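Peer 1: Just dropping this structure here.
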Amino acid sequence: MKNTIQIKNIEVYKVSIPLVRPFVTSFGSLLQRNIILVKLIDSEGNFGIGEAPILDYPFYKSEFFSSVHSILIETIIPYLVGKTFSSPVELDQSLNFIKGNFFAKACISIAAYDYFAKINKKSLADFIGSTKSIFQISNTISIHENILEMLKESNDYKDIQTLKLKIKPGYDIQYVEALRKAFPSAQIMVDANASYPFNKETIDIFKKMEEYSIFCIEQPLVHNDIVDHAKLQKQLNIPIALDESIESCEDLLKAHELGSCQMVNIKISRVGGLTESIKIHDYCLKQKIPAWVGGMVESPVGISANLAFSGLPGCCYPIDFLDSFWLMDNFNKFFKEQPIKQKHNEANFLNKGHGISDNINLNSLLFS
């Protein structure tokens with residue numbers, strides 16, 4: 001690896017991108033995407049771009065838009081400016097003294113990896129060792145007030161073979177049944193976003209879903225739990241996948257030992273950046289735990305990082321982070337060249353430029 005970075009400055013940007021339709025999960029409805037971007041700059045003007053695709057309020061995890069902005073301005077940036085690092089791993093590890101605040105750390109991490117990939121004249125995918133560029137696609141269906149609205153949205157995805165249905169108590173079995181009738185051969189998974197308590201009623205609901213050949217249940221129980229998930233998994237034939245409960249490779253090791261899940265959704269921002277994401281990926285690959293890369297309706301920065309990371313060999317299930325392409329109006333305008341070509345249920349990642357920011361129209365994005 002070439003060179004080091006002496007950080008001269010870190011700029012922070014607040015970006016708002018309107019959505020063409022609401023995106024609804026168990027913890028609320030998104031009408032526009034407010035995100036935080038950072039620009040990591042050296043003394044010669046070389047830079048890397050990173051993203052924190054955080055929500056406005058602490059509904060997904062404990063972090064939220066204002067808390068991420070605050071920790072960056074008050075703690076992380078003053079600590080990093082003026083320091084020299086020889087790799088993105090070293091930079092990421094230097095922030096371990098800060099407890100939690102994973103989204104804030106992740107945007108710095110992504111920027112560092114972008115910077116080092118660019119000065120080494122490599123794409124981010126090549127820099128981290130990704131080997132795949134063609135991915136199966138999964139599309140996510142929002143929670144709707146009635147089944148007909150849900151089916152109307154699902155019709156937009158008729159060429160997709162894997163569908164993720166967002167659910168919550170009261171919006172589950174009948175919706176799953178209707179979606180299975182509409183898509184008899186599709187691979188269907190459900191995502192509860194930690195909205196169910198662990199009790200007999202919940203067990204019965206998910207056992208009922210076994211009748212509809214559900215591929216997996218993602219994060220059914222509390223956002224930081226691995227104990228009750230292990231108890232629930234023992235009651236079910238459907239695999240449980242964990243999302244919110246896994247914030248580190250250590251969390252995954254414990255969940256695996258307890259039998260809390262059989263699959264993992266890896267979100268770069270949820271675990272504090274690419275260094276920890278790669279550790280989780282490597283553990284999954286070694287232990288033969290199926291994994292995929294999830295998303296948070298990111299900007300082109302986060303999407304590009306997700307695409308690069310998805311090419312690692314352990315990311316073996318369909319990607320489900322391309323929602324931005326159809327939720328944000330004319331999303332491709334933020335790219336210099338189209339980053340993917342989609343044909344039916346496949347996306348071909350074209351991997352343009354060095355790092356990730358080489359292919360992004362930064363002025364269009366930063367001042368949108």
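By order of appearance in the structure tokens: chains A, B, ..., then residues from 1 within every chain, and ligands from 1 in the order shown.
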Name the residues in contact with Ile340 (chain A) at a cut-off of 12 Å, using only C-alpha atoms, excluding same-chain residues fewer than 5 positions from it; report them as a list in words.

Peer 2: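 Final neighbour list, sorted by chain and number: Ser133, Ile134, Phe135, Ile137, Pro300, Ile303, Ser304, Leu307, Ala308, Leu322, Phe325, Phe331, Asn332, Phe335, Glu346, Ala347, Asn348, Phe349, Leu350, Asn351, Lys352 and Asn359 of chain A.
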
Peer 1: Write out as a tab-separated table the residues of region 199-297 of chain A that have any atom within 12 Å of an atom of region 139-162 of chain A, one row each with the nearest atom pair and its distance in Å to one decimal, counting only C-alpha atoms, sorted by chain and then rising number.

Peer 2:
residue	atom	partner	partner_atom	distance
A:Ile214	CA	A:Thr162	CA	10.8
A:Phe215	CA	A:Thr162	CA	9.2
A:Cys216	CA	A:Thr162	CA	11.3
A:Gly294	CA	A:Thr140	CA	10.6
A:Gly295	CA	A:Thr140	CA	10.3
A:Met296	CA	A:Thr140	CA	11.2
A:Val297	CA	A:Thr140	CA	10.7

Peer 1: Counting only C-alpha atoms, which residues in region 150-244 of chain A sit no more than 9 Å from region 54-63 of chain A? For each one, give the nearest pair of atoms and the distance in Å, sorted by chain then residue number, as a tab-separated table.

Peer 2:
residue	atom	partner	partner_atom	distance
A:Asn193	CA	A:Tyr60	CA	7.7
A:Ala194	CA	A:Tyr60	CA	8.7
A:His223	CA	A:Lys61	CA	7.4
A:Asn224	CA	A:Lys61	CA	8.9
A:Glu244	CA	A:Lys61	CA	7.3

Peer 1: Excluding region 197-205 of chain A and its own-chain neighbours fewer than 5 positions away, which residues fall within 10 Å of it when counting only C-alpha atoms? Please give them as a PyMOL selection string.

Peer 2: chain A and resi 169+172-173+210+220-222+228-229+231-233+235-236

Peer 1: Distance table requested - region 159-221 of chain A against region 25-36 of chain A, cut-off 7 Å, only C-alpha atoms: one row per qualifying residue with the closest atom pair and its distance in Å to one decimal, ordered by chain and rising residue number, as a tab-separated table.

Peer 2:
residue	atom	partner	partner_atom	distance
A:Lys166	CA	A:Thr25	CA	6.0
A:Ile167	CA	A:Ser26	CA	6.6
A:Lys168	CA	A:Ser26	CA	5.5
A:Ala192	CA	A:Ser26	CA	6.8
A:Asn193	CA	A:Ser26	CA	6.3
A:Ser195	CA	A:Ser26	CA	6.5

Peer 1: What are the closest atom pairs, with distances in Å to one decimal, for each residue of region 243-265 of chain A lying within 10 Å of region 276-288 of chain A, using only C-alpha atoms, rows by chain and rising residue number, as a Markdown table?

Peer 2:
| residue | atom | partner | partner_atom | distance |
| --- | --- | --- | --- | --- |
| A:Ile246 | CA | A:Ile280 | CA | 9.3 |
| A:Glu247 | CA | A:Glu276 | CA | 8.8 |
| A:Ser248 | CA | A:Glu276 | CA | 6.5 |
| A:Cys249 | CA | A:Ile280 | CA | 4.9 |
| A:Glu250 | CA | A:Ile280 | CA | 8.6 |
| A:Asp251 | CA | A:Ile280 | CA | 9.4 |
| A:Leu252 | CA | A:Ile280 | CA | 7.4 |
| A:Leu253 | CA | A:Tyr283 | CA | 8.1 |
| A:His256 | CA | A:Gln287 | CA | 9.1 |
| A:Gln262 | CA | A:Lys288 | CA | 9.6 |
| A:Met263 | CA | A:Cys284 | CA | 8.7 |
| A:Val264 | CA | A:Cys284 | CA | 8.2 |

Peer 1: Mind checking DSSP for region 279-343 of chain A and telling me the strand (DSSP E) residues as a list in words?

Peer 2: Ala291, Trp292, Val293, Ile340, Lys341, Gln342 and Lys343 of chain A

Peer 1: Calculated over only C-alpha atoms, which of the candidates A:Thr275, A:Ser130, A:Ser70, A:Ser87 has the smallest distance to Phe309 (chain A)?

Peer 2: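 Smallest separation from Phe309 (chain A) among the options: A:Ser130.
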